[in-house]
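**Q** Below is one structure. I have some questions about it.
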Amino acid sequence: MTDAAIATRPNNRSYASLTLRRFLKHRMGVLGAVVVVLLCFSALFAQFLAPHDPLLINTSQRFLPLFASWEFPLGTDDLGRDTLSRLLFGGQVSLMVGVVAMLATMVTGTLVGLAAGYYGGVVDNLLMRLVDTLLCFPQVFLLLVIAAFVPPTILSISLIIGLTSWMEVSRIVRAQVSTIKEMDYVQASRGYGASNWRIMLVELMPNILAPVLVAATLKVATAVLMETYISFLGYGVQPPMASWGNMLTNAQGYFDTVPFLAILPGILITLTVMGFNFLGDGLRDAFDARLKMDL
Amino acid sequence: MNQPILSVADLSVSFRTDAGWQKVVRDISFDVAERQTVALVGESGSGKSVTALSIMGLTPLGSSRVEGSVKLNGRDLLALPDRQMRKVRGSEIAIIFQEPMTSLNPVHTIGHQVSEALLSHGGVSRTEARAEALRLLERVRIPAAKSRFDEYPHRFSGGMRQRVMIAIALACRPKLLIADEPTTALDVTIQAQILELIKQLQEEEGMSVLFITHDMGVVAEIADRTIVMLNGEVVEHDETSAIFRSAAHPYTRALLAAVPKLGSMTAFTHPRRFPIVDRTTGVADEPQETPDTVKPDDQPLLDVSGLTTRFEVRSGLLSKVQARVHAVENVSFQLRGGETLALVGESGCGKSTTGRSVLRLTEPLKGSVRLEGKEILQLSPEEMRNQRRHMQMIFQDPFASLNPRMTVGASIAQPLIVNALADRTEAPDRARALLSQVGLQPDMAGRFPHEFSGGQRQRICIARALALEPRLIVADEAVSALDVSVKAQVINLMLELQSQMGLAYLFISHDMAVVERVSHRVAVMYLGEIVEIGPRAAIFGNPQHPYTRRLLDAVPVPDPARRHVQRVVVNEEIRSPIRAPDYVPPIRQYREVTPGHAVVVDA
């Protein structure tokens, strides 16, 4: 392209707008985004959307079936609590755990990866051997061991999940950083006197953001699964507070008589995990300029 | 004249983009006669490589469209089904590519890869193929071909790999060889070897060559006829000598004027701009010699002495030092304010490491670097960061030296903010002012690097380096990746800035012709050491060291009249400075030829 053609081209194609356009072309990604937005919306406004108090016990209304009455559209559970309200408030807990755990994962993983990739040498060796060690243990095993000692609250569960799943993220970040730090523009910023912190934040971070964001969406999905998993085993969110995980636990005794008590939270968990996974796929393709989708 | 080997008529190639089909090659026609060499010349994006690929039928299926006709010995290749086209490739037309480092498969031996080319076209047994492959490797003058037959590509240097590629191309005795920038990635002395080899083989084998290049000097060396392409069209097509004597099209004249010619500076003492040619009229202006910019101070701006940088090659369980790369060995030179010292040499000679060591982007092992009398190598990290603003660097690859996620305005403003020379409100204004200083529009500050061409990006990098008003700029192959005409413009800009701001340049380059144009003094590096240093006129007019002479002899001469003068080319590889851990480098003695001109005395 000639210089003149470049000079006259309108300046409306920033990196972000190109990425957004690529993302909007990815149908599954957009679908995932819609599902995620709907789920987050209903969780955020559970207080206003829920017809009943999720903890209110009403023994005269136990095991109402689906669509039986306007008052309890999704029926009631073994203690006569409204299933719809419990699903909404449970979603609040599950998604909160997912997001907080994701944030903990991202912060830890990114910091460790940045330090290992940027400083290299001894720092890199120590941190990566630590990562290797932690990766030797199954995450569920770590989770259950820690959960057995720490009193379960939403925050503590989220942090435990986050702190046992950052290792993959640090690997991704480290790999990216160790290639990007050799680029001439990073050398140039060292050349004009930028400090290490500045290089990491201003030069490196924006360039590794894409894979980190993709990993983040996928981590929300796995964190939601982890929460349901440990809640199901009884170490997670404690009754009477609802979470999708402990609703499943609760429902397992009645699976042959009232299966929808298990099926409904199951569907929501599946939707959440799929939604975040599709969103992650869409973001990955949108960020990956190598795929060169035609614009 | 008998029938041409290759006849291309009204060839058009389009690629599919979002905006529909875009034509990148428009209605080009040319012939290649038997035993003829035709050069396809143009700058990047002119469609020359696409033309070559479409002759071979190698443009991507589905997203490209080729129209017109390509006749090889009267047979239309574009109409051939893929199966038959595959037979044509290799046996009738062969192609060699630019990048010898990636053209060979690293997991097969050299001998295997050459034999494979023979076997894939059938008709020979394995033992015959092996014997023939060995013969081919000898034909392309690979030293000790027999003993190197079973070695893997990583044991071969770039030039040797390109020879292997040529051997593979010759395997089935093609009638036409397409060479797509085969020497661009190689050093000058190696380029001279490969060009000579292609010339000799062409004579021996009687084949035709379609040679694609951007380098007018190479064209003059090799081509009978020359086709000049611009934006996918042929703008001129004639005998090479006619084109060099009296080019008709203004663009061709512009291209020729921008070619640096060795020896064009003997009448001048100071650096001189490249002539600027009007692309529509083809009229060139007569560039003035720059005024004397060198400051006559006693104290040099930069005083480097005994600089040594080594890298350790470790391997094994205990990371034992297996060998050392003596990248920079006892290098000393001085640079005064407003002066340009060129560091020249071939890849691996340590010239880039010298530049980086001076700036402490690579930590040197020992030596001293004084900037305005202040010892740089002793500074603490904190002091060093403050010192950096006086010395800046421009890099080779304009595509890697700007942060793709930052607007260019922000990139230029960064050094100011980092060094607290401007706050966030002033910095954007300064960035805009710097952009106009390097000849770009100030309102381009809001754009991202991918919206600029290579030459424009290099200007942006210069603006970023200038932001801190440094006294020294290390330009590491700063113009090597640019097209000739853009190269001339960037060099002119650098010379202009030097006379305006009294900048000193440490100009690192492998291109002798450019170096002759821009430098006051020249240092020639070989295997990490300076073998000859002196004023530009002395180095180019009276080279003393054999290596300096070899470098100068290898530069292609853009004069077709000298084409049939066979040059003496030593088929030697560039040696590497990797030594055993217990190696002690010899202490070099320098002999002064004339004042300021010193050459190493070979032991």
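Residues are referred to by chain and number: the chain letter is A, B, ... according to the order shown in the structure tokens, the number counts from 1 in that chain, and ligands are numbered separately from 1 in the order shown.
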Kindly determine which residues of chain B lie within 9 Å of chain A, considering only C-alpha atoms, and give the answer as a ChimeraX atom specification.

**A** /B:16-19,44-45,231,359-361,382,384-406,414-416,418-419,441,444,446-448,451-453,455-456,465,468

**Q** Run DSSP on the backbone and tell me which residues of stretch 182-391 of chain B come out as strand (DSSP E or B); list them as an MDAnalysis selection string.

**A** chainID B and resid 208:213 225:230 233:239 272 277 284 289 302:315 320:335 340:344 366:371 374:375 391

**Q** Find the spatial neighbours of stretch 158-169 of chain B, counting only C-alpha atoms, within a cut-off of 8 Å - ignore same-chain residues fewer than 5 positions away - and output them as a PDB file with C-alpha atoms, in the first residue's frame.

**A**
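Okay, part-v6.pdb is ready:
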ATOM      1  CA  GLY B  90      10.094 -29.319 -10.338  1.00  0.00           C
ATOM      2  CA  ALA B  94      11.733 -25.004 -10.404  1.00  0.00           C
ATOM      3  CA  ILE B  95      11.581 -22.280  -7.810  1.00  0.00           C
ATOM      4  CA  ILE B  96      13.891 -21.129  -5.036  1.00  0.00           C
ATOM      5  CA  PRO B 100      16.946 -20.400   3.171  1.00  0.00           C
ATOM      6  CA  MET B 101      16.501 -20.939   6.903  1.00  0.00           C
ATOM      7  CA  SER B 103      12.972 -23.745   3.081  1.00  0.00           C
ATOM      8  CA  LEU B 104      14.647 -26.965   4.181  1.00  0.00           C
ATOM      9  CA  ILE B 110      20.547 -32.696   3.207  1.00  0.00           C
ATOM     10  CA  GLN B 113      16.124 -34.005   0.710  1.00  0.00           C
ATOM     11  CA  VAL B 114      17.984 -33.734  -2.577  1.00  0.00           C
ATOM     12  CA  ALA B 117      13.375 -34.388  -5.155  1.00  0.00           C
ATOM     13  CA  ALA B 133      22.208 -36.050  -5.391  1.00  0.00           C
ATOM     14  CA  LEU B 136      24.273 -32.111  -7.646  1.00  0.00           C
ATOM     15  CA  LEU B 137      25.689 -31.014  -4.291  1.00  0.00           C
ATOM     16  CA  ARG B 139      27.739 -28.918  -8.793  1.00  0.00           C
ATOM     17  CA  VAL B 140      26.472 -26.231  -6.439  1.00  0.00           C
ATOM     18  CA  ARG B 141      29.997 -26.180  -4.972  1.00  0.00           C
ATOM     19  CA  ILE B 142      29.298 -27.327  -1.465  1.00  0.00           C
ATOM     20  CA  PRO B 153      20.254 -28.562   7.738  1.00  0.00           C
ATOM     21  CA  PRO B 174      14.237 -27.711 -15.271  1.00  0.00           C
ATOM     22  CA  LEU B 177      14.327 -21.549 -12.790  1.00  0.00           C
ATOM     23  CA  PRO B 182      17.173 -15.723  -3.459  1.00  0.00           C
ATOM     24  CA  LEU B 186      22.123 -13.322   2.689  1.00  0.00           C
ATOM     25  CA  ILE B 190      27.532 -14.757   0.253  1.00  0.00           C
ATOM     26  CA  GLN B 191      25.180 -12.950  -2.128  1.00  0.00           C
ATOM     27  CA  ILE B 194      25.223 -17.284  -4.984  1.00  0.00           C
ATOM     28  CA  GLU B 573      31.472 -19.542   4.745  1.00  0.00           C
TER      29      GLU B 573
END

**Q** From a backbone DSSP assignment, name each residue in stretch 259-503 of chain B labelled alpha helix (DSSP H), as number ranges by chain.

**A** B: 351-358, 381-387, 408-418, 426-437, 454-466, 484-501

**Q** Find the spatial neighbours of stretch 43-54 of chain A, counting only C-alpha atoms, within a cut-off of 7 Å - ignore same-chain residues fewer than 3 positions away - and output them as a list in words.

**A**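 In the requested format, the answer is Leu39, Cys40, Arg81, Asp82, Leu84, Ser85, Arg86, Leu88, Phe89, Gly91 and Gln92 of chain A.
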
**Q** Which residues, written as a ChimeraX atom specification, have at least one atom at most 8 Å from A:Val35, with only C-alpha atoms counted and residues fewer than 6 positions away on the same chain left out?

**A** /A:271-272,275

**Q** Store the residues of this selection in a file with N, CA and C atoms, as a PDB file, in the first residue's frame.

**A**
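So the final result, stored in again_17.pdb, reads:
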ATOM      1  N   LEU A 271     -25.920 -24.397  31.443  1.00  0.00           N
ATOM      2  CA  LEU A 271     -26.033 -23.162  30.667  1.00  0.00           C
ATOM      3  C   LEU A 271     -24.887 -22.199  30.985  1.00  0.00           C
ATOM      4  N   THR A 272     -24.602 -22.045  32.276  1.00  0.00           N
ATOM      5  CA  THR A 272     -23.539 -21.127  32.673  1.00  0.00           C
ATOM      6  C   THR A 272     -22.203 -21.562  32.086  1.00  0.00           C
ATOM      7  N   GLY A 275     -22.251 -21.161  28.355  1.00  0.00           N
ATOM      8  CA  GLY A 275     -22.248 -19.739  27.995  1.00  0.00           C
ATOM      9  C   GLY A 275     -20.855 -19.151  28.088  1.00  0.00           C
TER      10      GLY A 275
END

**Q** If you count only C-alpha atoms, which residues fall within 7 Å of stretch 23-36 of chain B, apart from same-chain ones fewer than 6 positions away, as a ChimeraX atom specification?

**A** /B:4-15,47,206-209,224,232-234

**Q** Go ahead and save the picked residues with N, CA, C and O atoms, as a CSV table (one decimal), in the first residue's frame.

**A**
chain,number,residue,atom,x,y,z
B,4,PRO,N,9.8,-18.6,-27.4
B,4,PRO,CA,10.2,-18.4,-26.0
B,4,PRO,C,9.9,-19.6,-25.1
B,4,PRO,O,8.9,-20.4,-25.4
B,5,ILE,N,10.7,-19.9,-24.1
B,5,ILE,CA,10.4,-20.9,-23.1
B,5,ILE,C,9.1,-20.7,-22.4
B,5,ILE,O,8.2,-21.5,-22.3
B,6,LEU,N,9.0,-19.4,-21.9
B,6,LEU,CA,7.9,-19.0,-21.1
B,6,LEU,C,7.3,-17.8,-21.7
B,6,LEU,O,8.0,-16.9,-22.1
B,7,SER,N,6.0,-17.9,-21.9
B,7,SER,CA,5.3,-16.7,-22.5
B,7,SER,C,4.1,-16.4,-21.6
B,7,SER,O,3.1,-17.1,-21.5
B,8,VAL,N,4.1,-15.2,-21.0
B,8,VAL,CA,3.0,-14.8,-20.1
B,8,VAL,C,2.3,-13.7,-20.9
B,8,VAL,O,2.9,-12.8,-21.4
B,9,ALA,N,1.0,-13.9,-21.0
B,9,ALA,CA,0.2,-12.9,-21.7
B,9,ALA,C,-1.0,-12.5,-20.9
B,9,ALA,O,-1.8,-13.3,-20.4
B,10,ASP,N,-1.2,-11.2,-20.8
B,10,ASP,CA,-2.4,-10.6,-20.1
B,10,ASP,C,-2.7,-11.3,-18.7
B,10,ASP,O,-3.8,-11.6,-18.4
B,11,LEU,N,-1.7,-11.5,-18.0
B,11,LEU,CA,-1.9,-12.2,-16.7
B,11,LEU,C,-2.4,-11.2,-15.7
B,11,LEU,O,-1.8,-10.2,-15.5
B,12,SER,N,-3.5,-11.6,-15.1
B,12,SER,CA,-4.1,-10.8,-14.0
B,12,SER,C,-4.3,-11.8,-12.8
B,12,SER,O,-4.8,-12.9,-13.0
B,13,VAL,N,-4.0,-11.3,-11.6
B,13,VAL,CA,-4.2,-12.1,-10.4
B,13,VAL,C,-5.0,-11.2,-9.4
B,13,VAL,O,-4.7,-10.1,-9.2
B,14,SER,N,-6.1,-11.8,-8.9
B,14,SER,CA,-6.9,-11.1,-7.9
B,14,SER,C,-7.0,-12.0,-6.7
B,14,SER,O,-7.0,-13.2,-6.7
B,15,PHE,N,-7.1,-11.3,-5.5
B,15,PHE,CA,-7.3,-11.9,-4.3
B,15,PHE,C,-8.7,-11.5,-3.7
B,15,PHE,O,-9.1,-10.4,-3.9
B,47,GLY,N,3.7,-6.7,-6.7
B,47,GLY,CA,3.1,-7.9,-7.3
B,47,GLY,C,4.1,-8.8,-8.0
B,47,GLY,O,3.7,-9.8,-8.7
B,206,GLY,N,22.1,-24.6,-19.4
B,206,GLY,CA,21.3,-24.0,-20.5
B,206,GLY,C,19.9,-23.7,-20.2
B,206,GLY,O,19.0,-23.9,-21.0
B,207,MET,N,19.6,-23.3,-18.9
B,207,MET,CA,18.3,-23.0,-18.6
B,207,MET,C,18.0,-21.5,-18.6
B,207,MET,O,18.9,-20.7,-18.7
B,208,SER,N,16.7,-21.2,-18.5
B,208,SER,CA,16.3,-19.8,-18.4
B,208,SER,C,16.0,-19.5,-17.0
B,208,SER,O,15.7,-20.4,-16.2
B,209,VAL,N,16.2,-18.2,-16.6
B,209,VAL,CA,16.0,-17.8,-15.2
B,209,VAL,C,15.1,-16.6,-15.2
B,209,VAL,O,15.2,-15.7,-15.9
B,224,ASP,N,19.5,-10.3,-18.5
B,224,ASP,CA,19.5,-9.8,-19.9
B,224,ASP,C,18.4,-8.8,-20.1
B,224,ASP,O,18.7,-7.8,-20.8
B,232,GLY,N,1.4,-3.7,-9.4
B,232,GLY,CA,0.8,-4.7,-10.1
B,232,GLY,C,0.8,-4.5,-11.7
B,232,GLY,O,0.2,-5.3,-12.4
B,233,GLU,N,1.4,-3.5,-12.1
B,233,GLU,CA,1.5,-3.3,-13.6
B,233,GLU,C,3.0,-3.2,-14.0
B,233,GLU,O,3.8,-2.8,-13.2
B,234,VAL,N,3.2,-3.6,-15.3
B,234,VAL,CA,4.5,-3.4,-15.8
B,234,VAL,C,4.7,-2.0,-16.3
B,234,VAL,O,3.9,-1.5,-17.1

**Q** Which residues, written as a count of residues only, have at least one atom at most 9 Å from stretch 235-244 of chain A, with only C-alpha atoms counted and residues fewer than 4 positions away on the same chain left out?

**A** 28

**Q** Could you state the separation of atom CA of B:Ile578 and atom CA of B:Cys349 in Å, given to one decimal place?

**A**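 Here the two named atoms are 11.1 Å from each other.
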
**Q** In Å, rounded to a single decimal, give me how far atom CA of B:Pro364 is from atom CA of B:Gln378.

**A**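 Distance reported for this atom pair: 11.2 Å.
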